[in-house]
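Raw data-v1.txt, compact mmCIF, C-alpha atoms:
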```txt
# COMPACT_ATOMS: atom_id res chain seq x y z
CA MET S 177 12.65 -6.60 18.71
CA PRO S 178 12.02 -3.50 16.57
CA SER S 179 9.04 -1.31 17.31
CA ASP S 180 5.73 -2.04 15.62
CA ASN S 181 5.87 1.52 14.24
CA ALA S 182 9.16 0.91 12.44
CA VAL S 183 8.02 -2.35 10.84
CA SER S 184 4.56 -1.10 9.89
CA GLU S 185 5.93 2.18 8.52
CA LEU S 186 8.35 0.32 6.27
CA LEU S 187 5.65 -2.09 5.13
CA ARG S 188 3.35 0.87 4.53
CA ASP S 189 5.90 2.32 2.15
CA ALA S 190 6.32 -1.03 0.41
CA ALA S 191 2.57 -1.17 0.07
CA ASP S 192 2.57 2.26 -1.51
CA LEU S 193 4.47 0.82 -4.44
CA ALA S 194 2.15 -2.14 -4.48
CA PRO S 195 -0.56 0.13 -3.36
CA ASP S 196 -3.22 -0.72 -0.90
CA THR S 197 -4.48 2.77 -1.44
CA PRO S 198 -7.88 2.25 0.21
CA GLY S 199 -6.19 1.61 3.53
CA GLU S 200 -3.87 4.53 3.05
CA VAL S 201 -6.74 6.91 2.38
CA LEU S 202 -7.76 6.34 6.00
CA ALA S 203 -4.20 6.13 7.29
CA ASP S 204 -4.33 9.13 9.60
CA GLY S 205 -4.46 8.87 13.34
CA GLY S 206 -6.04 5.72 14.72
CA GLU S 207 -5.98 3.95 11.36
CA ARG S 208 -2.21 3.78 11.27
CA ARG S 209 -1.85 3.09 14.99
CA GLY S 210 -4.38 0.27 14.84
CA ARG S 211 -3.12 -1.27 11.61
CA ARG S 212 -1.19 -4.12 13.20
CA ARG S 213 -4.20 -5.23 15.28
CA VAL S 214 -6.46 -5.11 12.24
CA LEU S 215 -4.00 -7.09 10.17
CA ARG S 216 -3.83 -9.82 12.78
CA ARG S 217 -7.60 -10.11 12.83
CA ARG S 218 -7.69 -10.14 9.06
CA ALA S 219 -5.08 -12.85 8.84
CA ALA S 220 -6.89 -14.99 11.36
CA ALA S 221 -10.25 -14.53 9.67
CA ALA S 222 -8.91 -15.16 6.19
CA ALA S 223 -6.34 -17.87 6.94
CA GLY S 224 -5.55 -19.75 3.79
CA ALA S 225 -7.44 -17.22 1.67
CA ALA S 226 -6.68 -13.93 -0.03
CA MET S 227 -5.56 -11.13 2.28
CA THR S 228 -4.89 -7.56 1.38
CA LEU S 229 -1.36 -6.81 0.32
CA VAL S 230 -0.70 -4.52 3.23
CA ALA S 231 -0.86 -7.53 5.58
CA LEU S 232 2.36 -7.90 7.52
CA GLY S 233 4.66 -9.78 5.18
CA GLY S 234 1.62 -10.71 3.06
CA VAL S 235 1.56 -14.26 1.74
CA ALA S 236 1.36 -14.93 -1.93
CA VAL S 237 -1.59 -12.71 -2.74
CA GLN S 238 -2.54 -10.33 -5.53
CA GLN S 239 -4.60 -7.76 -3.66
CA GLY S 240 -6.47 -6.37 -6.63
CA GLY S 241 -8.46 -8.05 -9.34
CA ALA S 242 -11.83 -9.62 -8.69
CA SER S 243 -10.59 -13.07 -9.57
CA ALA S 244 -7.14 -13.00 -7.97
CA PRO S 245 -6.31 -16.45 -6.58
CA ALA S 246 -5.28 -17.10 -3.02
CA ALA S 247 -1.85 -18.45 -2.24
CA VAL S 248 -1.66 -22.14 -1.47
CA ARG S 249 0.88 -22.95 1.21
CA ARG S 250 2.89 -26.12 0.79
CA THR S 251 4.45 -28.02 3.68
CA ALA S 252 6.62 -25.50 5.46
CA ASN S 253 10.26 -25.52 4.41
CA PRO S 254 12.09 -25.96 7.75
CA ALA S 255 15.12 -24.17 6.31
CA VAL S 256 13.18 -20.90 5.96
CA THR S 257 13.11 -19.72 9.56
CA GLY S 258 13.04 -16.23 10.95
CA GLN S 259 16.77 -16.52 11.53
CA PHE S 260 17.25 -17.63 7.91
CA MET S 261 15.50 -14.46 6.76
CA ILE S 262 17.64 -12.28 9.04
CA ASP S 263 20.87 -14.05 8.07
CA THR S 264 20.08 -13.90 4.36
CA LEU S 265 19.29 -10.20 4.44
CA THR S 266 22.43 -9.54 6.49
CA SER S 267 24.58 -11.52 4.04
CA LEU S 268 23.39 -9.33 1.18
CA LEU S 269 24.30 -6.07 2.92
CA PRO S 270 27.72 -4.39 2.75
CA PRO S 271 29.97 -4.81 5.81
CA GLY S 272 28.52 -3.06 8.85
CA ARG S 273 26.69 -3.57 12.11
CA VAL S 274 23.29 -5.27 12.26
CA ASP S 275 21.05 -5.24 15.35
CA ASP S 276 17.40 -4.79 16.37
CA THR S 277 16.61 -7.89 14.32
CA HIS S 278 13.28 -9.64 13.90
CA GLY S 279 12.41 -12.42 11.47
CA GLU S 280 9.47 -14.64 10.57
CA GLY S 281 9.86 -17.83 8.56
CA SER S 282 7.65 -20.15 6.58
CA ASP S 283 5.84 -21.23 9.74
CA ALA S 284 4.81 -17.68 10.65
CA GLN S 285 1.33 -17.57 12.11
CA PHE S 286 0.43 -14.51 10.06
CA GLY S 287 1.84 -13.55 6.67
CA GLY S 288 4.89 -14.83 4.87
CA PRO S 289 8.63 -14.86 5.52
CA LEU S 290 10.11 -11.47 6.38
CA ALA S 291 13.05 -9.85 8.10
CA HIS S 292 13.60 -6.56 9.91
CA VAL S 293 17.02 -5.21 10.89
CA ALA S 294 18.76 -1.98 11.81
CA TYR S 295 21.88 -1.72 9.65
CA ASP S 296 24.71 0.74 10.29
CA ASP S 297 27.54 1.18 7.80
CA GLY S 298 29.41 3.37 10.28
CA ARG S 299 27.74 6.59 9.18
CA GLY S 300 24.32 6.11 10.74
CA ALA S 301 21.76 3.32 11.02
CA SER S 302 18.82 2.57 8.74
CA ALA S 303 15.80 0.50 9.72
CA MET S 304 15.06 -2.06 6.99
CA THR S 305 12.20 -4.44 6.40
CA LEU S 306 12.16 -7.10 3.70
CA SER S 307 9.01 -9.06 2.92
CA THR S 308 8.12 -11.73 0.38
CA ASP S 309 4.93 -12.76 -1.37
CA TRP S 310 3.45 -13.79 -4.72
CA VAL S 311 1.19 -11.93 -7.12
CA ALA S 312 -1.31 -13.63 -9.37
CA LEU S 313 -0.53 -14.25 -13.01
CA PRO S 314 -0.53 -12.96 -15.65
CA ILE S 315 1.67 -9.96 -14.87
CA GLY S 316 0.21 -6.92 -16.61
CA PRO S 317 -0.15 -3.12 -16.44
CA GLY S 318 -2.53 -3.47 -13.49
CA THR S 319 -0.28 -5.70 -11.40
CA GLU S 320 0.53 -4.09 -8.09
CA GLY S 321 4.05 -2.98 -7.42
CA THR S 322 5.06 -2.84 -11.05
CA GLN S 323 4.50 0.89 -11.58
CA CYS S 324 5.83 4.02 -9.91
CA VAL S 325 3.58 5.71 -7.38
CA ASP S 326 1.84 8.86 -8.58
CA PRO S 327 3.86 11.79 -7.13
CA THR S 328 0.60 13.68 -6.66
CA GLU S 329 -0.23 11.26 -3.87
CA ARG S 330 3.08 11.30 -2.06
CA PRO S 331 6.21 13.46 -2.41
CA THR S 332 9.06 11.62 -4.09
CA ALA S 333 12.64 12.34 -5.09
CA GLY S 334 12.41 10.01 -8.06
CA CYS S 335 11.42 6.57 -9.25
CA THR S 336 12.92 4.05 -11.67
CA ARG S 337 11.14 1.15 -13.34
CA THR S 338 13.24 -1.50 -15.07
CA VAL S 339 12.02 -4.53 -17.04
CA GLY S 340 14.60 -7.31 -17.09
CA ALA S 341 15.41 -9.63 -19.97
CA ASP S 342 13.66 -12.42 -18.03
CA GLY S 343 10.45 -10.42 -17.76
CA SER S 344 10.99 -9.36 -14.15
CA ILE S 345 10.07 -5.83 -13.13
CA LEU S 346 12.04 -3.74 -10.64
CA VAL S 347 10.58 -0.54 -9.19
CA ILE S 348 12.67 1.65 -6.87
CA GLN S 349 11.08 4.76 -5.42
CA LYS S 350 12.49 7.43 -3.10
CA PHE S 351 9.80 8.89 -0.87
CA THR S 352 10.59 12.20 0.84
CA PRO S 353 9.06 13.60 4.05
CA GLU S 354 5.47 14.75 3.82
CA SER S 355 4.31 18.19 4.94
CA GLY S 356 2.92 17.75 8.45
CA GLY S 357 4.09 14.13 8.53
CA GLY S 358 7.16 12.37 9.83
CA PRO S 359 10.66 13.59 9.02
CA THR S 360 11.97 10.34 7.61
CA SER S 361 12.77 9.56 3.99
CA THR S 362 11.95 6.07 2.74
CA TRP S 363 13.49 4.26 -0.21
CA THR S 364 11.61 1.21 -1.40
CA ALA S 365 12.48 -1.49 -3.93
CA ILE S 366 10.05 -4.08 -5.28
CA TRP S 367 11.21 -6.89 -7.54
CA THR S 368 8.46 -8.90 -9.25
CA GLY S 369 9.45 -12.05 -11.13
CA SER S 370 7.72 -13.18 -14.29
CA ASP S 371 6.42 -16.18 -12.34
CA GLY S 372 4.74 -13.93 -9.77
CA ARG S 373 7.27 -14.08 -6.93
CA ARG S 374 7.93 -10.75 -5.26
CA VAL S 375 10.56 -9.39 -2.87
CA ARG S 376 10.18 -5.98 -1.26
CA LEU S 377 12.71 -3.99 0.75
CA SER S 378 12.17 -0.62 2.42
CA GLU S 379 14.73 1.44 4.30
CA LEU S 380 14.55 4.59 6.42
CA ASN S 381 17.12 7.18 7.45
CA SER S 382 16.16 6.43 11.04
CA ARG S 383 16.12 3.47 13.42
CA THR S 384 12.36 3.85 13.79
CA ALA S 385 9.46 5.34 11.89
CA GLY S 386 10.21 8.79 13.31
CA PRO S 387 12.90 11.02 14.78
CA PRO S 388 15.71 11.26 15.48
CA LEU S 389 17.15 10.99 12.01
CA THR S 390 20.37 9.02 11.84
CA ARG S 391 21.62 10.15 8.43
CA PRO S 392 20.60 12.47 5.54
CA GLU S 393 19.40 9.57 3.36
CA PRO S 394 18.80 5.83 3.79
CA VAL S 395 21.99 3.79 3.71
CA LEU S 396 21.64 1.59 0.60
CA SER S 397 22.02 3.04 -2.88
CA VAL S 398 19.62 2.27 -5.71
CA GLU S 399 22.07 -0.31 -7.07
CA GLN S 400 22.41 -1.97 -3.66
CA LEU S 401 18.65 -2.09 -3.17
CA ALA S 402 18.27 -3.73 -6.57
CA ALA S 403 20.92 -6.33 -5.76
CA VAL S 404 19.22 -7.33 -2.50
CA VAL S 405 15.68 -7.80 -3.81
CA SER S 406 16.71 -9.57 -7.03
CA SER S 407 19.17 -11.96 -5.37
CA PRO S 408 18.72 -15.72 -5.94
CA ALA S 409 19.45 -16.11 -2.23
CA TRP S 410 15.68 -15.73 -1.72
CA ASN S 411 14.83 -18.76 -3.87
CA PRO S 412 14.30 -21.09 -0.87
CA VAL S 413 11.55 -18.79 0.36
CA PHE S 414 9.50 -19.46 -2.75
CA GLU S 415 9.69 -23.21 -2.31
CA VAL S 416 7.38 -22.77 0.66
CA PHE S 417 4.20 -21.69 -1.08
CA ALA S 418 2.84 -21.44 -4.61
CA THR S 419 -0.09 -19.81 -6.35
CA SER S 420 -3.10 -21.90 -7.28
CA THR S 421 -2.80 -23.86 -10.51
CA ASN S 422 -6.30 -22.66 -11.35
CA THR S 423 -5.08 -19.15 -12.09
CA PRO S 424 -7.81 -16.93 -13.57
CA ALA S 425 -7.25 -15.04 -16.79
CA SER S 426 -7.64 -11.66 -15.10
CA SER S 427 -6.00 -10.53 -11.88
CA GLN S 428 -5.47 -6.83 -12.38
CA LEU S 429 -6.40 -3.67 -10.56
CA PRO S 430 -8.37 -1.16 -12.66
CA LEU S 431 -6.18 1.28 -14.53
CA PRO S 432 -6.39 5.04 -13.88
CA GLU S 433 -8.16 5.74 -17.18
CA ALA S 434 -11.06 3.45 -16.25
CA ILE S 435 -11.31 4.95 -12.75
CA LEU S 436 -11.35 8.49 -14.12
CA ALA S 437 -13.97 7.65 -16.72
CA THR S 438 -16.29 6.20 -14.08
CA ALA S 439 -15.73 9.09 -11.67
CA GLU S 440 -16.42 11.71 -14.32
CA SER S 441 -19.64 9.95 -15.34
CA LEU S 442 -20.88 10.12 -11.73
CA LEU S 443 -20.01 13.74 -10.94
CA PRO S 444 -22.73 16.42 -11.08
CA SER S 445 -22.88 18.34 -14.34
CA ASP S 446 -21.82 21.63 -12.73
CA VAL S 447 -18.48 20.20 -11.56
CA GLN S 448 -15.45 21.22 -13.62
CA ARG S 449 -12.87 18.43 -14.00
CA ASP S 450 -9.13 18.52 -14.69
CA ARG S 451 -7.06 15.33 -14.94
CA GLY S 452 -3.81 17.29 -15.01
CA SER S 453 -0.95 17.08 -17.46
CA THR S 454 1.03 14.32 -15.75
CA PRO S 455 0.27 10.77 -16.94
CA GLN S 456 -1.43 8.66 -14.28
CA ILE S 457 -0.08 5.11 -14.24
CA THR S 458 -0.54 3.66 -10.74
CA PRO S 459 -2.89 0.65 -10.92
CA GLY S 460 -6.00 0.95 -8.80
CA ALA S 461 -5.64 4.70 -8.21
CA ALA S 462 -6.32 8.00 -9.95
CA HIS S 463 -6.64 11.68 -9.11
CA LEU S 464 -8.88 14.41 -10.42
CA VAL S 465 -9.00 18.15 -9.71
CA VAL S 466 -12.59 19.40 -9.36
CA THR S 467 -13.93 22.94 -9.16
CA VAL S 468 -17.39 24.08 -8.04
CA ASP S 469 -18.35 27.77 -7.66
CA GLY S 470 -14.69 28.78 -7.46
CA ARG S 471 -13.76 26.11 -4.87
CA THR S 472 -11.05 23.73 -6.10
CA SER S 473 -10.09 20.42 -4.53
CA LEU S 474 -8.10 17.33 -5.44
CA LEU S 475 -9.91 13.97 -5.42
CA SER S 476 -7.70 10.95 -4.84
CA ILE S 477 -9.62 7.81 -5.78
CA SER S 478 -8.73 4.16 -5.31
CA VAL S 479 -10.71 1.12 -6.40
CA THR S 480 -10.04 -2.45 -5.27
CA PRO S 481 -12.31 -5.12 -6.76
CA GLN S 482 -12.82 -8.14 -4.49
CA TRP S 483 -11.09 -6.35 -1.60
CA MET S 484 -11.32 -9.50 0.51
CA LYS S 485 -12.45 -12.77 -1.00
CA ASP S 486 -13.12 -14.77 2.16
CA GLY S 487 -13.69 -14.33 5.85
CA ASN S 488 -15.90 -11.48 7.03
CA PRO S 489 -15.14 -8.39 4.92
CA ARG S 490 -17.77 -6.19 6.57
CA SER S 491 -16.39 -6.86 10.04
CA LEU S 492 -12.83 -6.19 8.98
CA PHE S 493 -13.90 -3.10 7.07
CA ALA S 494 -15.55 -1.80 10.25
CA ASP S 495 -12.19 -2.12 12.04
CA LEU S 496 -10.81 0.55 9.72
CA ALA S 497 -13.28 3.17 10.89
CA ALA S 498 -10.60 4.82 13.09
CA GLY S 499 -13.12 7.12 14.70
CA GLY S 500 -15.05 7.80 11.51
CA GLN S 501 -18.81 7.61 11.09
CA ARG S 502 -20.28 4.37 9.72
CA THR S 503 -23.46 4.20 7.65
CA ARG S 504 -25.08 1.79 5.20
CA THR S 505 -26.69 3.02 1.98
CA GLN S 506 -29.95 1.76 0.55
CA SER S 507 -27.95 -0.11 -2.09
CA GLY S 508 -26.19 -2.10 0.65
CA ALA S 509 -22.81 -0.32 0.65
CA ASP S 510 -21.03 0.12 3.98
CA VAL S 511 -19.56 3.63 4.20
CA ILE S 512 -17.06 5.24 6.59
CA THR S 513 -16.70 9.03 6.51
CA SER S 514 -14.24 11.20 8.41
CA THR S 515 -12.29 14.43 8.27
CA SER S 516 -8.78 15.29 9.36
CA GLY S 517 -6.62 18.33 9.94
CA ALA S 518 -3.23 19.20 8.52
CA THR S 519 -1.52 16.72 10.87
CA LYS S 520 -2.64 13.64 12.77
CA SER S 521 -3.21 15.66 15.97
CA SER S 522 -4.40 18.87 14.33
CA PRO S 523 -7.71 20.35 15.55
CA ASN S 524 -10.29 21.80 13.19
CA PRO S 525 -10.62 23.21 10.65
CA PRO S 526 -10.30 20.08 8.53
CA VAL S 527 -8.28 20.04 5.35
CA ARG S 528 -9.06 16.49 4.23
CA TRP S 529 -12.42 14.78 3.74
CA LEU S 530 -12.43 10.98 3.53
CA VAL S 531 -14.97 8.44 2.32
CA ASP S 532 -14.37 4.70 2.25
CA ALA S 533 -17.07 2.41 0.80
CA LEU S 534 -17.37 -1.37 0.70
CA LEU S 535 -19.88 -2.20 -2.03
CA PRO S 536 -22.17 -5.25 -1.97
CA ASP S 537 -20.04 -7.16 -4.48
CA GLY S 538 -16.88 -6.69 -2.36
CA THR S 539 -15.41 -3.77 -4.32
CA ARG S 540 -13.79 -1.18 -2.08
CA VAL S 541 -13.79 2.47 -3.19
CA SER S 542 -11.90 5.12 -1.22
CA ILE S 543 -11.94 8.83 -1.98
CA SER S 544 -9.93 11.57 -0.30
CA GLU S 545 -10.70 15.22 -1.02
CA ASN S 546 -7.98 17.77 -0.23
CA ASN S 547 -7.90 21.52 -0.55
CA GLY S 548 -4.62 21.77 -2.39
CA THR S 549 -2.85 20.70 -5.55
CA THR S 550 -1.51 17.42 -4.11
CA GLY S 551 -2.68 14.71 -1.77
CA TYR S 552 -0.23 15.73 0.94
CA ASP S 553 0.00 19.56 0.82
CA THR S 554 -3.42 20.71 1.97
CA GLN S 555 -5.06 23.98 3.04
CA PRO S 556 -8.14 24.75 5.16
CA GLY S 557 -11.32 25.95 3.51
CA ASN S 558 -14.56 24.65 2.07
CA PRO S 559 -14.11 21.68 -0.29
CA ALA S 560 -15.48 21.62 -3.80
CA LEU S 561 -17.67 18.59 -3.04
CA THR S 562 -19.58 18.05 0.17
CA LEU S 563 -19.13 14.91 2.25
CA ASP S 564 -22.58 13.76 1.09
CA GLN S 565 -21.51 14.16 -2.53
CA LEU S 566 -18.31 12.22 -1.86
CA THR S 567 -20.37 9.48 -0.24
CA ALA S 568 -22.67 9.24 -3.24
CA LEU S 569 -19.64 9.06 -5.53
CA ALA S 570 -17.85 6.34 -3.56
CA ALA S 571 -20.97 4.21 -2.92
CA ALA S 572 -22.23 4.23 -6.53
CA THR S 573 -22.99 0.83 -8.00
CA ALA S 574 -21.12 1.83 -11.18
CA TRP S 575 -17.85 0.86 -9.45
CA GLN S 576 -18.90 -2.76 -9.02
CA HIS S 577 -17.13 -5.39 -11.08
```
Can I see the file as structure tokens?
Amino acid sequence: MPSDNAVSELLRDAADLAPDTPGEVLADGGERRGRRRVLRRRAAAAAGAAMTLVALGGVAVQQGGASAPAAVRRTANPAVTGQFMIDTLTSLLPPGRVDDTHGEGSDAQFGGPLAHVAYDDGRGASAMTLSTDWVALPIGPGTEGTQCVDPTERPTAGCTRTVGADGSILVIQKFTPESGGGPTSTWTAIWTGSDGRRVRLSELNSRTAGPPLTRPEPVLSVEQLAAVVSSPAWNPVFEVFATSTNTPASSQLPLPEAILATAESLLPSDVQRDRGSTPQITPGAAHLVVTVDGRTSLLSISVTPQWMKDGNPRSLFADLAAGGQRTRTQSGADVITSTSGATKSSPNPPVRWLVDALLPDGTRVSISENNGTTGYDTQPGNPALTLDQLTALAAATAWQH
């Protein structure tokens, strides 16, 4: 069976394109290592209800949008087994060697059908993870996974977004190694059908989530990635579950413009703001450069209305603390604050200040402040905003939907 790190790293990268940015804001250190345990608890607590998209192989859920419907599982299709998922993925790959396989079918205890393999075309192996789920209708600008990830948040070698004649949307993004992070490159493809079905495939230039590298780039080309995720061979998977027939009219994450407008209205008057010249298009996320008394920092903000519809959101939110400090504001918001160095094991001084807030109405707001021009290339020094100011910004009731 492949390592948890390899599977979760690949799913993390898939989630970046269908971003669960709040979780990623606290992804350093214990957050990433404990992700699989948290996801299992979340799945158990919210069985049959909406789960966040980062859940392992997430089932039929639109993570964002306050009124996103939960997936409704039909009687399990016995043909969609873990072996079916492995065999189907293998059949769509060029000739080569496949090993280190793991699959989960329609009867998976947590999440939806998925497959993980290590594929070697003779010039080096790539770890691959394919997962399936649904997103709520209607598909719109705020639908997760249908826009390229903001390169300010993560270094990329390029992204393509293609709208098919049938209304499907294909996003393929090439993530490159982060400064102070792992050495692997990750290429991720997400195909979203006009009916809400979604297939995601991520590949690494490594057998695991870290060294040693097996090849300069992941094995499949952009064209090959597109062919795998858009193949009709996955149709049997989507006979297993369906979205609720009582689909709400709105199921979208907030767009960057709305997030920026709210953030700017909450910042102190002496804070200079710069949105930058690059258009911001990732649903649910935005960035803003702020300057105070000559100190300049980048704020990366994510907003997820109705982060978790059922179960015990506060308990699950507490699991994401990862060593951070938990408090509750007078308005009833749960807040986790933490700092981190340039790498996961780096000692002080910190270069990143993190605030994650779960508001009383279930909206989750996460803000990361970095001393640098991007969210991944950071420098030590005093931030423009204090941790208390970040907390006040993230916990403000103005974010509630």
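For the set S:Ala341, S:Ala312, S:Phe414, S:Ser478, the residue with the smallest atom-to-atom gap to Glu433 in chain S is S:Ser478, counting all atoms listed in the file.
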Subject >> Surrounding residues of Val398 in chain S excluding itself and chain neighbours under 2 positions, 12 Å, only C-alpha atoms, as an MDAnalysis selection string >> reply: chainID S and resid 334:338 346:350 363:366 377:379 393:396 400:405
**OP:** Scan for residues within 12 Å of the point (-12.1, 23.6, 6.5) in the coordinates of the file, using all atoms listed in the file, and reply as a ChimeraX atom specification.
**Re:** /S:471,473,515-518,522-529,545-548,554-560,562-563
Please check which residues have atoms at most 6 Å from (-20.6, 5.9, 2.3) in the file's coordinates, counting all atoms listed in the file, and write them as a PDB file with C-alpha atoms, in the coordinates of the input.
```
ATOM      1  CA  VAL S 511     -19.560   3.630   4.200  1.00  0.00           C
ATOM      2  CA  ILE S 512     -17.060   5.240   6.590  1.00  0.00           C
ATOM      3  CA  ALA S 533     -17.070   2.410   0.800  1.00  0.00           C
ATOM      4  CA  THR S 567     -20.370   9.480  -0.240  1.00  0.00           C
ATOM      5  CA  ALA S 571     -20.970   4.210  -2.920  1.00  0.00           C
TER       6      ALA S 571
END
```
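Among the candidates S:Leu535, S:Leu530, S:Val468, S:Ala462, the one nearest to Pro327 in chain S when counting only C-alpha atoms is S:Ala462.
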Original post:
Quick one: distance from CA of Arg374 in chain S to CA of Glu280 in chain S in Å, one decimal?
Top reply: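 Spanning CA of Arg374 in chain S to CA of Glu280 in chain S is a straight-line distance of 16.4 Å.
Checking S:Gly298, S:Pro331, S:Asp532, S:Ser476 one by one against Ala494 in chain S, counting all atoms listed in the file, you find the shortest gap at S:Asp532.
Of the listed residues (S:Pro388, S:Gly279, S:Pro289, S:Pro271), S:Pro388 comes nearest to Ser361 in chain S; the distances count all atoms listed in the file.
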Write out as CSV a residue-level contact list of range 260-316 of chain S versus range 406-411 of chain S with cut-off 9 Å: for each qualifying residue the closest pair of atoms and the distance in Å to one decimal, counting all atoms listed in the file, rows sorted by chain and residue number upward.
```
residue,atom,partner,partner_atom,distance
S:Met261,CA,S:Trp410,CA,8.6
S:Thr264,CA,S:Ala409,CA,7.0
S:Leu265,CA,S:Ala409,CA,8.9
S:Leu268,CA,S:Ser407,CA,8.2
S:Thr308,CA,S:Trp410,CA,8.8
```
Original post:
Which neighbours of Thr332 in chain S fall inside 9 Å, counting only C-alpha atoms, when residues of the same chain fewer than 6 positions from it are skipped, and could you give them as a PyMOL selection string?
Top reply: chain S and resi 325-326+349-353
With C-alpha atoms retained, write the just-selected residues as an mmCIF file, in the frame of the given file.
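The resulting file, result29.cif, is shown below:
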```
data_model
loop_
_atom_site.group_PDB
_atom_site.id
_atom_site.type_symbol
_atom_site.label_atom_id
_atom_site.label_comp_id
_atom_site.auth_asym_id
_atom_site.auth_seq_id
_atom_site.Cartn_x
_atom_site.Cartn_y
_atom_site.Cartn_z
ATOM 1 C CA VAL S 325 3.580 5.710 -7.380
ATOM 2 C CA ASP S 326 1.840 8.860 -8.580
ATOM 3 C CA GLN S 349 11.080 4.760 -5.420
ATOM 4 C CA LYS S 350 12.490 7.430 -3.100
ATOM 5 C CA PHE S 351 9.800 8.890 -0.870
ATOM 6 C CA THR S 352 10.590 12.200 0.840
ATOM 7 C CA PRO S 353 9.060 13.600 4.050
#
```
Original post:
For Gln259 in chain S, which residue out of S:Ala439, S:Val466, S:Val413, S:Ala291 is the nearest one, using only C-alpha atoms?
Top reply: S:Ala291
Original post:
Nearest to Ser307 in chain S among S:Glu329, S:Gly258, S:Leu566, S:Pro270, with distances taken over all atoms listed in the file: which residue is it?
Top reply: S:Gly258
**OP:** For CA of Leu443 in chain S and CA of Leu534 in chain S, determine how far apart the two atoms are, in Å to one decimal place.
**Re:**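 One can read the CA of Leu443 in chain S to CA of Leu534 in chain S distance as 19.3 Å.
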Original post:
So which residues touch Thr390 in chain S within 12 Å, counting all atoms listed in the file, skipping near sequence neighbours fewer than 6 positions away, as a PyMOL selection string?
Top reply: chain S and resi 294-303+359-361+380-384
